[in-house]
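The structure appears below as structure tokens.
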Amino acid sequence: MAVKSCPECVADVVVSETIERNEIIECGECAGELEVVSLDPLTIAVAPEPEEDWGE
Amino acid sequence: MISVGIVGGAGYIGGELLRLLLGHPEVRVVAVTSTRLAERRVDLTHPNLRGMTDLVYTAPERLPECDALFFTGSGTSDPAARAELSARGKVVLDLSPDLRLSDPEVYRRHYGEHPTPELLGSAVRGLPELDREALTGADRIGVPGCMATAAILALTPLTEAGLVEPEVVVDGRVGSSGSGASAGEMNLHAERSGVLRLFAPAGHRHEAEIAQATGTTPRMAATGVDAVRGVQVVIRARTVGEVSEREIRAAYRNRYRDEPFVRLVAQKRGNYRLPEPKILLGSNFCDVGFAAAPGTRDLTLVGALDNLVKGGAGNAVQSLNIRMGWDERTGLGFPGLHPI
């Protein structure tokens, strides 16, 4: 387990060792969606908001 | 195990105390008083407790000596009788307004003449998040009002950190159980149902408790809403200078990090992004949260709780737990219901 800081609210976010790149996790405090943007070093960022045609 | 009694147990706070104390592993309820219902079963007025107890109401004059005695605020208004009853408890927890304020003039302004003014300032406030250390040695505890509790807990992290101006506006919303179990004409279903009753458009009496606890100068209005239980306070405040949303959040997080019954709820997503009393009903939680208006110094602070639990009986039981050296969560584990 690694502990990172939520880029939105700065709360501690526990990240599993088995997490994969681009996986979406959730901050337990602000409920913001966070994306794992790299594994080495482990980096998380606010996940992009879905846009109208996202995924189409 | 200690013996406990409840003075004035036929009302809603009395019923809630009974519900919590009958499930508490460290106490035995030995008496619940009611003048009007003496010798009648307590589950006559508190039917949710059927099968949990065979207690009957005791006339106040027959109240036995107890290790702890809860005063609900109903049952006796005669100061001499009240003093005599208080003497039968080693630890007294008073949920009425009688012990909440320390300044006689402030009390008079909000409640009129105090029946026994020498009691003012004699009790430790029963708000564990602010008074935990003092409660460990307290034999007389004054439990704060429901809306005051929500407002104090919503304000405290920011006032203690010096982040907000003292002038705040408090808008309280409360369910009908907050006005007690004695029905008047205005509480007939035909009159009460569906209303948003702005019963205190200004100067609500809980202003005094909020001011005393937080050092603010609150202006408070209160509305009775179409719900049986629940309190939500919405507070408008202004930051002292420029304060970031992260600093506000950090103040809440740091102040309540180890509190078992206060949760920070200020979320980006979900159906309940700010404190909502509906999902707290029956629980001892007080949820607090905030929203900042971008580019301004304006803050909206929110506090929510069940007026009969964290706003009354639950707070009293939590205070007793601390006073007796027990885990303060004892008997208070119910998390609330969803959906409800």
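Going through the structure tokens in order, the chains are called A, B, and so on, while each chain numbers its residues from 1 and the ligands are numbered from 1 in the order shown.
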
For this session: Specify as a PyMOL selection string all residues of chain A found within 10 Å of chain B, counting only C-alpha atoms.
Result: chain A and resi 8-11+27-33

Contacts of region 145-215 of chain B with region 299-316 of chain B up to 9 Å, shortest pair per row, only C-alpha atoms, as CSV:
residue,atom,partner,partner_atom,distance
B:Gly145,CA,B:Gly311,CA,6.3
B:Cys146,CA,B:Gly311,CA,3.8
B:Met147,CA,B:Gly311,CA,7.1
B:Ala148,CA,B:Gly311,CA,8.3
B:Thr149,CA,B:Gly311,CA,6.2
B:Ala150,CA,B:Gly303,CA,4.9
B:Ala151,CA,B:Gly303,CA,6.1
B:Ile152,CA,B:Gly303,CA,8.7
B:Leu153,CA,B:Gly303,CA,7.1
B:Ala154,CA,B:Gly303,CA,5.3
B:Leu155,CA,B:Leu301,CA,7.5
B:Val164,CA,B:Leu299,CA,8.9
B:Val174,CA,B:Asn307,CA,7.6
B:Gly175,CA,B:Asn307,CA,8.0
B:Ser177,CA,B:Leu308,CA,7.8
B:Gly178,CA,B:Asn307,CA,6.6

Go ahead and write the selection's residues with N, CA and C atoms as a PDB file, in the first residue's frame.
ATOM      1  N   GLY B 145     -28.289  22.554  23.305  1.00  0.00           N
ATOM      2  CA  GLY B 145     -29.450  22.400  22.435  1.00  0.00           C
ATOM      3  C   GLY B 145     -29.077  21.797  21.093  1.00  0.00           C
ATOM      4  N   CYS B 146     -30.098  21.291  20.394  1.00  0.00           N
ATOM      5  CA  CYS B 146     -29.832  20.521  19.182  1.00  0.00           C
ATOM      6  C   CYS B 146     -29.246  21.381  18.057  1.00  0.00           C
ATOM      7  N   MET B 147     -29.903  22.494  17.761  1.00  0.00           N
ATOM      8  CA  MET B 147     -29.390  23.336  16.671  1.00  0.00           C
ATOM      9  C   MET B 147     -28.078  23.996  17.076  1.00  0.00           C
ATOM     10  N   ALA B 148     -27.956  24.319  18.358  1.00  0.00           N
ATOM     11  CA  ALA B 148     -26.692  24.897  18.840  1.00  0.00           C
ATOM     12  C   ALA B 148     -25.550  23.911  18.645  1.00  0.00           C
ATOM     13  N   THR B 149     -25.800  22.641  18.940  1.00  0.00           N
ATOM     14  CA  THR B 149     -24.753  21.627  18.783  1.00  0.00           C
ATOM     15  C   THR B 149     -24.274  21.572  17.337  1.00  0.00           C
ATOM     16  N   ALA B 150     -25.215  21.521  16.402  1.00  0.00           N
ATOM     17  CA  ALA B 150     -24.835  21.445  14.988  1.00  0.00           C
ATOM     18  C   ALA B 150     -24.052  22.691  14.567  1.00  0.00           C
ATOM     19  N   ALA B 151     -24.507  23.853  15.015  1.00  0.00           N
ATOM     20  CA  ALA B 151     -23.831  25.100  14.629  1.00  0.00           C
ATOM     21  C   ALA B 151     -22.443  25.197  15.257  1.00  0.00           C
ATOM     22  N   ILE B 152     -22.347  24.832  16.529  1.00  0.00           N
ATOM     23  CA  ILE B 152     -21.043  24.909  17.217  1.00  0.00           C
ATOM     24  C   ILE B 152     -20.040  23.976  16.539  1.00  0.00           C
ATOM     25  N   LEU B 153     -20.483  22.764  16.216  1.00  0.00           N
ATOM     26  CA  LEU B 153     -19.549  21.816  15.604  1.00  0.00           C
ATOM     27  C   LEU B 153     -19.167  22.239  14.180  1.00  0.00           C
ATOM     28  N   ALA B 154     -20.077  22.903  13.487  1.00  0.00           N
ATOM     29  CA  ALA B 154     -19.745  23.382  12.137  1.00  0.00           C
ATOM     30  C   ALA B 154     -18.787  24.574  12.188  1.00  0.00           C
ATOM     31  N   LEU B 155     -18.888  25.385  13.226  1.00  0.00           N
ATOM     32  CA  LEU B 155     -18.073  26.603  13.306  1.00  0.00           C
ATOM     33  C   LEU B 155     -16.704  26.390  13.954  1.00  0.00           C
ATOM     34  N   VAL B 164     -12.389  32.744  10.341  1.00  0.00           N
ATOM     35  CA  VAL B 164     -13.631  33.436   9.952  1.00  0.00           C
ATOM     36  C   VAL B 164     -13.876  34.648  10.835  1.00  0.00           C
ATOM     37  N   VAL B 174     -35.439  22.434  11.543  1.00  0.00           N
ATOM     38  CA  VAL B 174     -35.623  21.373  12.531  1.00  0.00           C
ATOM     39  C   VAL B 174     -36.953  20.664  12.309  1.00  0.00           C
ATOM     40  N   GLY B 175     -36.948  19.349  12.572  1.00  0.00           N
ATOM     41  CA  GLY B 175     -38.161  18.544  12.467  1.00  0.00           C
ATOM     42  C   GLY B 175     -39.088  18.777  13.647  1.00  0.00           C
ATOM     43  N   SER B 177     -40.278  16.959  16.000  1.00  0.00           N
ATOM     44  CA  SER B 177     -39.984  16.403  17.334  1.00  0.00           C
ATOM     45  C   SER B 177     -39.176  17.387  18.169  1.00  0.00           C
ATOM     46  N   GLY B 178     -38.564  18.373  17.526  1.00  0.00           N
ATOM     47  CA  GLY B 178     -37.823  19.382  18.265  1.00  0.00           C
ATOM     48  C   GLY B 178     -38.704  20.262  19.131  1.00  0.00           C
TER      49      GLY B 178
END

Problem set entry | Backbone DSSP call of strand (DSSP E or B) for chain A, listed as a PyMOL selection string | chain A and resi 2-5+12-15+24-26+33-39+42-46

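Going from CA of Leu37 (chain B) to CA of Met52 (chain B) covers 18.9 Å.
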
Exercise. Near Ala2 (chain A), within 8 Å and counting only C-alpha atoms, which residues show up once chain neighbours fewer than 4 positions away are dropped, as JSON, numbers by chain?
Worked result: {"A": [14, 15, 16, 17]}

Exercise. Separation of CA of Asp94 (chain B) and CA of Gly8 (chain B), in Å?
Worked result: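 Those two atoms sit 11.0 Å apart.
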
For this session: Find the residues around Pro144 (chain B) up to 7 Å (only C-alpha atoms counted), leave out those fewer than 4 positions away in its own chain, and share them as a ChimeraX atom specification.
Result: /B:95,100,125-127,148-149

Problem set entry | Test item, alpha helix (DSSP H) assignment across region 15-235 of chain B, answer as JSON, numbers by chain | {"B": [15, 16, 17, 18, 19, 20, 21, 22, 79, 80, 81, 82, 83, 84, 85, 86, 104, 105, 106, 107, 108, 109, 110, 111, 128, 129, 130, 131, 132, 133, 134, 135, 146, 147, 148, 149, 150, 151, 152, 153, 154, 155, 156, 157, 158, 159, 160, 189, 190, 191, 192, 206, 207, 208, 209, 210, 211, 212, 213, 214]}

For this session: Using only C-alpha atoms, determine which residues lie at most 8 Å from Glu207 (chain B), disregarding the query and same-chain residues fewer than 3 positions distant; provide the list as a ChimeraX atom specification.
Result: /B:148,203-204,210-211,217-220

Same residues, C-alpha atoms, saved as a short mmCIF file (atom, residue, chain, number, x, y, z; two decimals), in the first residue's frame:
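The resulting file, again-v8.cif, is shown below:
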data_model
loop_
_atom_site.label_atom_id
_atom_site.label_comp_id
_atom_site.auth_asym_id
_atom_site.auth_seq_id
_atom_site.Cartn_x
_atom_site.Cartn_y
_atom_site.Cartn_z
CA ALA B 148 -26.69 24.90 18.84
CA GLY B 203 -32.95 36.07 17.58
CA HIS B 204 -33.42 32.33 18.13
CA ILE B 210 -23.31 29.39 19.93
CA ALA B 211 -21.79 32.70 20.98
CA THR B 217 -21.76 37.00 17.32
CA PRO B 218 -24.37 34.90 15.55
CA ARG B 219 -27.70 36.05 14.22
CA MET B 220 -29.98 33.06 14.05
#

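The residue set within 12 Å of Gly333 (chain B), counting only C-alpha atoms and dropping same-chain residues fewer than 5 places from it, reads Leu20, Gly23, His24, Pro260, Phe261, Gly282, Ser283, Asn284, Phe285, Val309, Gly314, Val317, Gln318, Asp327 and Glu328 of chain B.
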
Limited to N, CA and C atoms, could you put the picked residues into a file as a JSON list (two decimals), in the first residue's frame?
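Heads up, here's the output in part-v8.json:
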[["chain", "number", "residue", "atom", "x", "y", "z"],
["B", 20, "LEU", "N", -31.47, 4.25, 24.03],
["B", 20, "LEU", "CA", -30.01, 4.13, 24.06],
["B", 20, "LEU", "C", -29.54, 3.41, 25.32],
["B", 23, "GLY", "N", -29.91, -0.42, 25.69],
["B", 23, "GLY", "CA", -28.92, -1.19, 24.92],
["B", 23, "GLY", "C", -27.50, -0.95, 25.36],
["B", 24, "HIS", "N", -27.33, -0.25, 26.45],
["B", 24, "HIS", "CA", -25.98, 0.12, 26.93],
["B", 24, "HIS", "C", -25.50, -0.94, 27.91],
["B", 260, "PRO", "N", -14.99, 10.40, 17.14],
["B", 260, "PRO", "CA", -15.76, 9.25, 16.67],
["B", 260, "PRO", "C", -17.11, 9.60, 16.07],
["B", 261, "PHE", "N", -17.63, 10.80, 16.36],
["B", 261, "PHE", "CA", -19.00, 11.08, 15.93],
["B", 261, "PHE", "C", -19.13, 12.35, 15.08],
["B", 282, "GLY", "N", -31.43, 8.53, 14.07],
["B", 282, "GLY", "CA", -31.17, 7.44, 15.00],
["B", 282, "GLY", "C", -29.71, 7.30, 15.36],
["B", 283, "SER", "N", -28.84, 7.98, 14.67],
["B", 283, "SER", "CA", -27.40, 7.84, 14.93],
["B", 283, "SER", "C", -26.90, 9.00, 15.78],
["B", 284, "ASN", "N", -25.69, 8.82, 16.30],
["B", 284, "ASN", "CA", -25.09, 9.87, 17.12],
["B", 284, "ASN", "C", -24.09, 10.72, 16.32],
["B", 285, "PHE", "N", -24.14, 10.61, 15.01],
["B", 285, "PHE", "CA", -23.21, 11.40, 14.20],
["B", 285, "PHE", "C", -23.69, 12.84, 14.03],
["B", 309, "VAL", "N", -30.81, 12.66, 19.08],
["B", 309, "VAL", "CA", -29.65, 11.82, 19.42],
["B", 309, "VAL", "C", -28.43, 12.73, 19.64],
["B", 314, "GLY", "N", -28.19, 11.26, 22.72],
["B", 314, "GLY", "CA", -26.92, 10.62, 22.38],
["B", 314, "GLY", "C", -25.74, 11.39, 22.92],
["B", 317, "VAL", "N", -25.47, 10.62, 26.56],
["B", 317, "VAL", "CA", -24.90, 9.30, 26.82],
["B", 317, "VAL", "C", -23.39, 9.31, 26.53],
["B", 318, "GLN", "N", -23.00, 9.96, 25.45],
["B", 318, "GLN", "CA", -21.57, 10.09, 25.15],
["B", 318, "GLN", "C", -20.85, 10.81, 26.29],
["B", 327, "ASP", "N", -15.35, 3.57, 26.97],
["B", 327, "ASP", "CA", -15.23, 3.95, 25.57],
["B", 327, "ASP", "C", -16.42, 4.84, 25.23],
["B", 328, "GLU", "N", -16.18, 6.03, 24.70],
["B", 328, "GLU", "CA", -17.29, 6.97, 24.55],
["B", 328, "GLU", "C", -18.28, 6.56, 23.47]]

Exercise. With only C-alpha atoms as the basis for distance, which of A:Leu34, A:Ile19, A:Cys6, A:Met1 is at the shortest distance from Pro48 (chain A)?
Worked result: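 Result for the nearest residue to Pro48 (chain A): A:Leu34.
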
Problem set entry | For CA of Arg197 (chain B) and CA of Glu276 (chain B), the interatomic separation in Å (one decimal) |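 Result for CA of Arg197 (chain B) versus CA of Glu276 (chain B): 19.2 Å, one decimal.
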
I want to know what sits within 10 Å of Thr43 (chain A), based on only C-alpha atoms, with residues of the same chain fewer than 6 positions away left out; could you give that as a short mmCIF file (atom, residue, chain, number, x, y, z; two decimals) with N, CA and C atoms, in the first residue's frame?
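Result file out-v4.cif:
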data_model
loop_
_atom_site.label_atom_id
_atom_site.label_comp_id
_atom_site.auth_asym_id
_atom_site.auth_seq_id
_atom_site.Cartn_x
_atom_site.Cartn_y
_atom_site.Cartn_z
N LYS A 4 -0.83 8.45 -1.01
CA LYS A 4 -0.61 9.66 -1.81
C LYS A 4 -1.56 10.76 -1.33
N SER A 5 -1.27 11.94 -1.76
CA SER A 5 -2.11 13.07 -1.38
C SER A 5 -3.09 13.38 -2.51
N PRO A 7 -4.89 15.28 -5.13
CA PRO A 7 -4.57 16.58 -5.73
C PRO A 7 -5.71 17.59 -5.64
N ARG A 21 -1.88 1.35 -14.24
CA ARG A 21 -1.88 2.67 -14.85
C ARG A 21 -3.23 2.95 -15.48
N LEU A 34 -9.90 10.06 -9.18
CA LEU A 34 -8.48 10.27 -9.42
C LEU A 34 -7.96 9.20 -10.36
N GLU A 35 -7.05 9.57 -11.24
CA GLU A 35 -6.51 8.62 -12.20
C GLU A 35 -5.04 8.37 -11.89
N VAL A 36 -4.65 7.12 -11.96
CA VAL A 36 -3.24 6.77 -11.80
C VAL A 36 -2.56 7.07 -13.13
N VAL A 37 -1.75 8.11 -13.16
CA VAL A 37 -1.16 8.51 -14.43
C VAL A 37 0.23 7.92 -14.63
#
